[in-house]
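Student: Before anything else, here's the structure in question.
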Amino acid sequence: MPVLPTVETIRTIAWMKEHTRQARAESRIVGLVPTMGALHAGHLSLVERARRDCSPVIASIFVNPKQFGPNEDFAKYPRRFVSDSENLQRAGVDSLFAPEPADIYPHGFSTYVNVDGLSDRLEGRSRPGHFRGVTTVVMKLLQIVQPNYAYFGRKDAQQSRLITQMTRDLNVDTEIVVCPPVREPDGLALSSRNIYLNADERKAATVLYGALQAAKSELAAGVRDALQLQAVLHGALGAERQARVDYAEIVDAESFEPVIRVSQPCYVLLAVFIGKTRLIDNLFVEPKSSNSEELVFHF
Ligand code: AMP
């Protein structure tokens with residue numbers, strides 16, 4: 001195989017700022033794709049989307065210590081810098097921002113960004129402090145790169161909703177673009193954490209997509225009652241003995257509060273442990289048009 005030149009890697013905040021300052025001075029449209037590395041086709045779909053709108057496209061890799069709880073997988077989170085950098089090069093990224101934790105969080109760092117309310121529910125309840133870590137690091141990345149557009153995955157629906165809210169609340173001049181999840185052929189949403197699954201667990205993990213499909217069938221048949229839909233989700237997930245449900249909820253797509261009936265844009269949200277690996281997935285549902293009983297489904 002031909003040896004590819006590696007993508008230009010920017011290691012310091014000062015260098016990154018200078019880099020995009022130049023791009024903006026030339027009136028170029030700067031796009032940012034923030035990641036924690038261990039890249040898969042989901043991440044690369046964000047790059048591809050960014051390349052449609054922006055030049056330069058900058059990807060960042062930063063495994064953010066502040067978004068991991070004390071009993072979470074920060075130390076063993078997959079780190080694959082060389083292959084990530086090759087994949088980004090192949091995907092057409094212009095530069096890679098890969099700062100050191102000590103540069104992002106120097107001694108004495110003490111300012112955090114928190115989106116009240118929205119950060120406390122669902123993922124926030126199960127992973128206290130997680131979203132405060134996410135919004136803080138994303139705010140810092142947006143400050144450093146000052147992109148025109150930043151790209152996030154709807155696979156992390158609550159996260160992308162929070163980031164959109166944060167940029168609105170803090171008048172950040174970056175448009176947040178939320179992109180659809182990329183899935184394996186059997187429906188499992190791609191995730192850097194899928195590599196933790198052994199062969200048996202990998203098979204069992206398809207139960208998340210199966211449960212979302214079951215909810216979709218009920219909705220398509222006219223069921224709108226959230227409790228009834230939740231029972232369907234629990235029924236489907238309960239049939240897989242390796243699955244332990246953290247939450248299975250139907251929530252309003254703006255507030256992430258539980259709904260009683262599906263009559264507005266909603267998410268069907270799942271967080272499920274398969275063995276020790278916690279996976280999340282969702283189905284976005286919206287009425288076809290205002291006052292329409294017919295729904296459109298987005299996996
Ligand atoms: P992560 O590296 O897990 O922090 O993810 C970086 C970005 O990639 C986030 O905006 C995620 O929502 C997005 N992402 C993760 N998995 C997928 C996927 N399967 N499809 C599309 N985007 C994804």
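We label chains A, B, ... in the order they appear in the structure tokens, count residues from 1 in each chain, and number ligands from 1 in the order shown.
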Report as JSON, numbers by chain all protein, DNA and RNA residues lying within 12 Å of Pro70 of chain A, evaluated on only C-alpha atoms, omitting residues in the same chain fewer than 3 positions from it.
Tutor: {"A": [65, 66, 67, 73, 74, 75, 127, 128, 129, 130]}
Student: With only C-alpha atoms as the counted atoms, please give the residues lying no more than 12 Å from Pro180 of chain A, apart from itself and same-chain residues fewer than 6 positions off, as a compact mmCIF listing (two decimals) with C-alpha atoms, in the first residue's frame.
Tutor:
# COMPACT_ATOMS: atom_id res chain seq x y z
CA ALA A 41 -16.86 5.58 9.96
CA GLY A 42 -19.22 7.63 12.18
CA HIS A 43 -16.50 10.17 12.89
CA LEU A 44 -15.45 10.15 9.24
CA SER A 45 -19.03 10.88 8.16
CA LEU A 46 -18.77 14.12 10.15
CA ARG A 49 -20.13 16.46 5.87
CA TYR A 151 -20.05 19.00 13.53
CA PHE A 152 -21.53 16.58 16.07
CA GLY A 153 -23.30 13.22 15.86
CA ARG A 154 -26.96 12.72 16.67
CA LYS A 155 -25.95 9.33 18.04
CA ASP A 156 -25.17 11.37 21.16
CA ALA A 157 -28.52 13.15 20.98
CA SER A 160 -25.59 17.61 20.60
CA ALA A 189 -24.53 2.27 16.01
CA LEU A 190 -20.77 2.67 15.56
CA ASP A 281 -28.71 4.75 20.90
CA ASN A 282 -31.81 6.61 19.86
CA LEU A 283 -34.59 7.03 17.35
CA PHE A 284 -35.74 10.53 16.41
CA PHE A 297 -38.55 8.17 11.73
CA HIS A 298 -34.83 8.90 11.78
CA PHE A 299 -32.51 6.13 12.95
Student: Can you pull out every residue within 10 Å of segment 105-112 of chain A, counting only C-alpha atoms, but drop anything in the same chain fewer than 4 positions away, and send it as a PyMOL selection string?
Tutor: chain A and resi 64-66+100-101+132-137+139-140
Student: Rounded to one decimal place, report the atom 10 (O, counted along the ligand's line) of ligand 1-atom CA of Thr35 of chain A distance in Å.
Tutor: 6.6 Å
Student: Quick one, how far is atom 10 (O, counted along the ligand's line) of ligand 1 from atom CA of Met166 of chain A?
Tutor: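 Straight-line distance from atom 10 (O, counted along the ligand's line) of ligand 1 to atom CA of Met166 of chain A works out to 14.8 Å.
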Student: For Leu162 of chain A, list every protein, DNA or RNA residue within 10 Å, evaluated using only C-alpha atoms, and leave out those in the same chain fewer than 4 positions away; present the list as a compact mmCIF listing (two decimals) with all heavy atoms, in the first residue's frame.
Tutor:
# COMPACT_ATOMS: atom_id res chain seq x y z
N ASN A 114 -21.69 24.95 32.27
CA ASN A 114 -22.72 23.96 32.55
C ASN A 114 -24.05 24.44 31.99
O ASN A 114 -24.43 25.59 32.19
CB ASN A 114 -22.87 23.76 34.07
CG ASN A 114 -23.70 22.54 34.38
OD1 ASN A 114 -23.36 21.43 33.98
ND2 ASN A 114 -24.83 22.74 35.05
N VAL A 115 -24.73 23.56 31.27
CA VAL A 115 -26.07 23.88 30.77
C VAL A 115 -27.04 23.33 31.82
O VAL A 115 -27.20 22.11 31.94
CB VAL A 115 -26.31 23.25 29.38
CG1 VAL A 115 -27.72 23.55 28.89
CG2 VAL A 115 -25.27 23.76 28.38
N ASP A 116 -27.65 24.23 32.58
CA ASP A 116 -28.50 23.80 33.69
C ASP A 116 -29.68 22.98 33.19
O ASP A 116 -30.18 23.19 32.09
CB ASP A 116 -29.05 25.02 34.44
CG ASP A 116 -28.01 25.61 35.38
OD1 ASP A 116 -26.91 25.04 35.48
OD2 ASP A 116 -28.31 26.65 36.00
N GLY A 117 -30.16 22.11 34.03
CA GLY A 117 -31.37 21.34 33.73
C GLY A 117 -31.09 20.21 32.76
O GLY A 117 -31.01 19.04 33.15
N LEU A 118 -30.88 20.59 31.51
CA LEU A 118 -30.63 19.62 30.44
C LEU A 118 -29.47 18.67 30.79
O LEU A 118 -29.46 17.51 30.40
CB LEU A 118 -30.29 20.40 29.18
CG LEU A 118 -30.76 19.96 27.82
CD1 LEU A 118 -32.23 19.60 27.79
CD2 LEU A 118 -30.48 21.06 26.79
N SER A 119 -28.48 19.18 31.53
CA SER A 119 -27.29 18.37 31.87
C SER A 119 -27.56 17.36 32.97
O SER A 119 -26.74 16.48 33.21
CB SER A 119 -26.16 19.26 32.37
OG SER A 119 -25.67 20.04 31.35
N PHE A 131 -21.55 15.85 31.51
CA PHE A 131 -21.86 16.90 30.54
C PHE A 131 -21.13 18.20 30.86
O PHE A 131 -20.81 18.97 29.96
CB PHE A 131 -23.37 17.12 30.45
CG PHE A 131 -24.06 16.09 29.59
CD1 PHE A 131 -25.25 15.51 30.01
CD2 PHE A 131 -23.54 15.72 28.37
CE1 PHE A 131 -25.89 14.57 29.22
CE2 PHE A 131 -24.17 14.78 27.56
CZ PHE A 131 -25.35 14.19 28.00
N VAL A 134 -18.04 17.82 29.14
CA VAL A 134 -18.20 17.93 27.69
C VAL A 134 -18.37 19.39 27.28
O VAL A 134 -17.68 19.89 26.38
CB VAL A 134 -19.43 17.10 27.20
CG1 VAL A 134 -19.75 17.40 25.75
CG2 VAL A 134 -19.20 15.61 27.42
N THR A 135 -19.30 20.09 27.93
CA THR A 135 -19.57 21.46 27.49
C THR A 135 -18.34 22.36 27.75
O THR A 135 -18.05 23.25 26.95
CB THR A 135 -20.85 22.05 28.15
OG1 THR A 135 -20.93 21.64 29.51
CG2 THR A 135 -22.09 21.58 27.43
N ALA A 157 -27.46 12.16 21.21
CA ALA A 157 -28.52 13.15 20.98
C ALA A 157 -28.54 14.23 22.06
O ALA A 157 -28.65 15.43 21.76
CB ALA A 157 -29.87 12.45 20.91
N GLN A 158 -28.41 13.80 23.31
CA GLN A 158 -28.50 14.78 24.40
C GLN A 158 -27.27 15.70 24.36
O GLN A 158 -27.39 16.90 24.58
CB GLN A 158 -28.60 14.04 25.74
CG GLN A 158 -28.99 14.93 26.90
CD GLN A 158 -29.14 14.16 28.20
OE1 GLN A 158 -28.92 12.95 28.25
NE2 GLN A 158 -29.51 14.86 29.26
N MET A 166 -25.85 25.56 24.46
CA MET A 166 -24.72 26.33 25.00
C MET A 166 -24.30 27.44 24.04
O MET A 166 -24.10 28.59 24.45
CB MET A 166 -23.55 25.38 25.26
CG MET A 166 -22.27 26.09 25.65
SD MET A 166 -20.89 24.96 25.80
CE MET A 166 -20.42 24.74 24.09
N THR A 167 -24.18 27.11 22.75
CA THR A 167 -23.71 28.12 21.80
C THR A 167 -24.74 29.23 21.64
O THR A 167 -24.39 30.39 21.47
CB THR A 167 -23.36 27.51 20.43
OG1 THR A 167 -24.48 26.79 19.96
CG2 THR A 167 -22.17 26.61 20.50
N ARG A 168 -26.03 28.84 21.74
CA ARG A 168 -27.10 29.84 21.67
C ARG A 168 -27.03 30.75 22.90
O ARG A 168 -27.01 31.97 22.79
CB ARG A 168 -28.42 29.09 21.66
CG ARG A 168 -29.53 29.73 20.87
CD ARG A 168 -30.79 28.89 20.98
NE ARG A 168 -30.81 27.75 20.08
CZ ARG A 168 -31.67 26.73 20.18
NH1 ARG A 168 -32.57 26.69 21.14
NH2 ARG A 168 -31.65 25.76 19.30
N GLU A 254 -36.64 18.82 22.46
CA GLU A 254 -36.01 20.08 22.89
C GLU A 254 -35.60 20.01 24.35
O GLU A 254 -34.47 20.30 24.70
CB GLU A 254 -37.02 21.23 22.73
CG GLU A 254 -37.16 21.80 21.34
CD GLU A 254 -36.02 22.74 20.98
OE1 GLU A 254 -35.85 23.76 21.67
OE2 GLU A 254 -35.31 22.46 19.99
N SER A 255 -36.57 19.65 25.21
CA SER A 255 -36.33 19.74 26.65
C SER A 255 -35.73 18.47 27.24
O SER A 255 -35.21 18.49 28.35
CB SER A 255 -37.65 20.02 27.37
OG SER A 255 -38.51 18.89 27.26
Student: Applying 12 Å and only C-alpha atoms, which residues near Ser292 of chain A remain after dropping the ones on its own chain fewer than 4 positions away? List them as a PDB file with N, CA, C and O atoms, in the first residue's frame.
Tutor:
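What landed in selection23.pdb:
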ATOM      1  N   VAL A 262     -46.707  10.844  22.232  1.00  0.00           N
ATOM      2  CA  VAL A 262     -45.832  11.309  21.153  1.00  0.00           C
ATOM      3  C   VAL A 262     -46.681  12.135  20.187  1.00  0.00           C
ATOM      4  O   VAL A 262     -47.413  11.598  19.364  1.00  0.00           O
ATOM      5  N   SER A 263     -46.585  13.461  20.349  1.00  0.00           N
ATOM      6  CA  SER A 263     -47.372  14.318  19.452  1.00  0.00           C
ATOM      7  C   SER A 263     -46.513  15.464  18.928  1.00  0.00           C
ATOM      8  O   SER A 263     -46.988  16.336  18.228  1.00  0.00           O
ATOM      9  N   GLN A 264     -45.232  15.466  19.305  1.00  0.00           N
ATOM     10  CA  GLN A 264     -44.293  16.503  18.880  1.00  0.00           C
ATOM     11  C   GLN A 264     -42.967  15.795  18.568  1.00  0.00           C
ATOM     12  O   GLN A 264     -42.847  14.608  18.837  1.00  0.00           O
ATOM     13  N   PRO A 265     -41.955  16.498  18.046  1.00  0.00           N
ATOM     14  CA  PRO A 265     -40.668  15.819  17.833  1.00  0.00           C
ATOM     15  C   PRO A 265     -40.140  15.212  19.144  1.00  0.00           C
ATOM     16  O   PRO A 265     -40.110  15.892  20.176  1.00  0.00           O
ATOM     17  N   GLU A 286     -40.618  12.491  14.368  1.00  0.00           N
ATOM     18  CA  GLU A 286     -41.287  13.791  14.266  1.00  0.00           C
ATOM     19  C   GLU A 286     -42.532  13.676  13.389  1.00  0.00           C
ATOM     20  O   GLU A 286     -42.578  12.847  12.473  1.00  0.00           O
ATOM     21  N   PRO A 287     -43.549  14.501  13.661  1.00  0.00           N
ATOM     22  CA  PRO A 287     -44.722  14.494  12.798  1.00  0.00           C
ATOM     23  C   PRO A 287     -44.320  14.907  11.379  1.00  0.00           C
ATOM     24  O   PRO A 287     -43.432  15.756  11.203  1.00  0.00           O
ATOM     25  N   LYS A 288     -44.963  14.294  10.394  1.00  0.00           N
ATOM     26  CA  LYS A 288     -44.599  14.551   8.999  1.00  0.00           C
ATOM     27  C   LYS A 288     -44.769  16.028   8.652  1.00  0.00           C
ATOM     28  O   LYS A 288     -43.963  16.612   7.931  1.00  0.00           O
ATOM     29  N   VAL A 296     -42.451  10.682  10.929  1.00  0.00           N
ATOM     30  CA  VAL A 296     -41.250  10.355  10.168  1.00  0.00           C
ATOM     31  C   VAL A 296     -40.218   9.849  11.179  1.00  0.00           C
ATOM     32  O   VAL A 296     -40.103  10.412  12.274  1.00  0.00           O
TER      33      VAL A 296
END
Student: Enumerate, as a ChimeraX atom specification, the complete set of residues in segment 52-248 of chain A that a backbone-based DSSP assignment places in strand (DSSP E or B).
Tutor: /A:55,57-61,95-97,149-153,175-179,183,189,225,243-248
Student: Would you give me, as a PyMOL selection string, the residues in segment 47-211 of chain A that DSSP reads as alpha helix (DSSP H)?
Tutor: chain A and resi 47-53+81-91+101-104+123-126+130-145+157-169+199-204+207-211
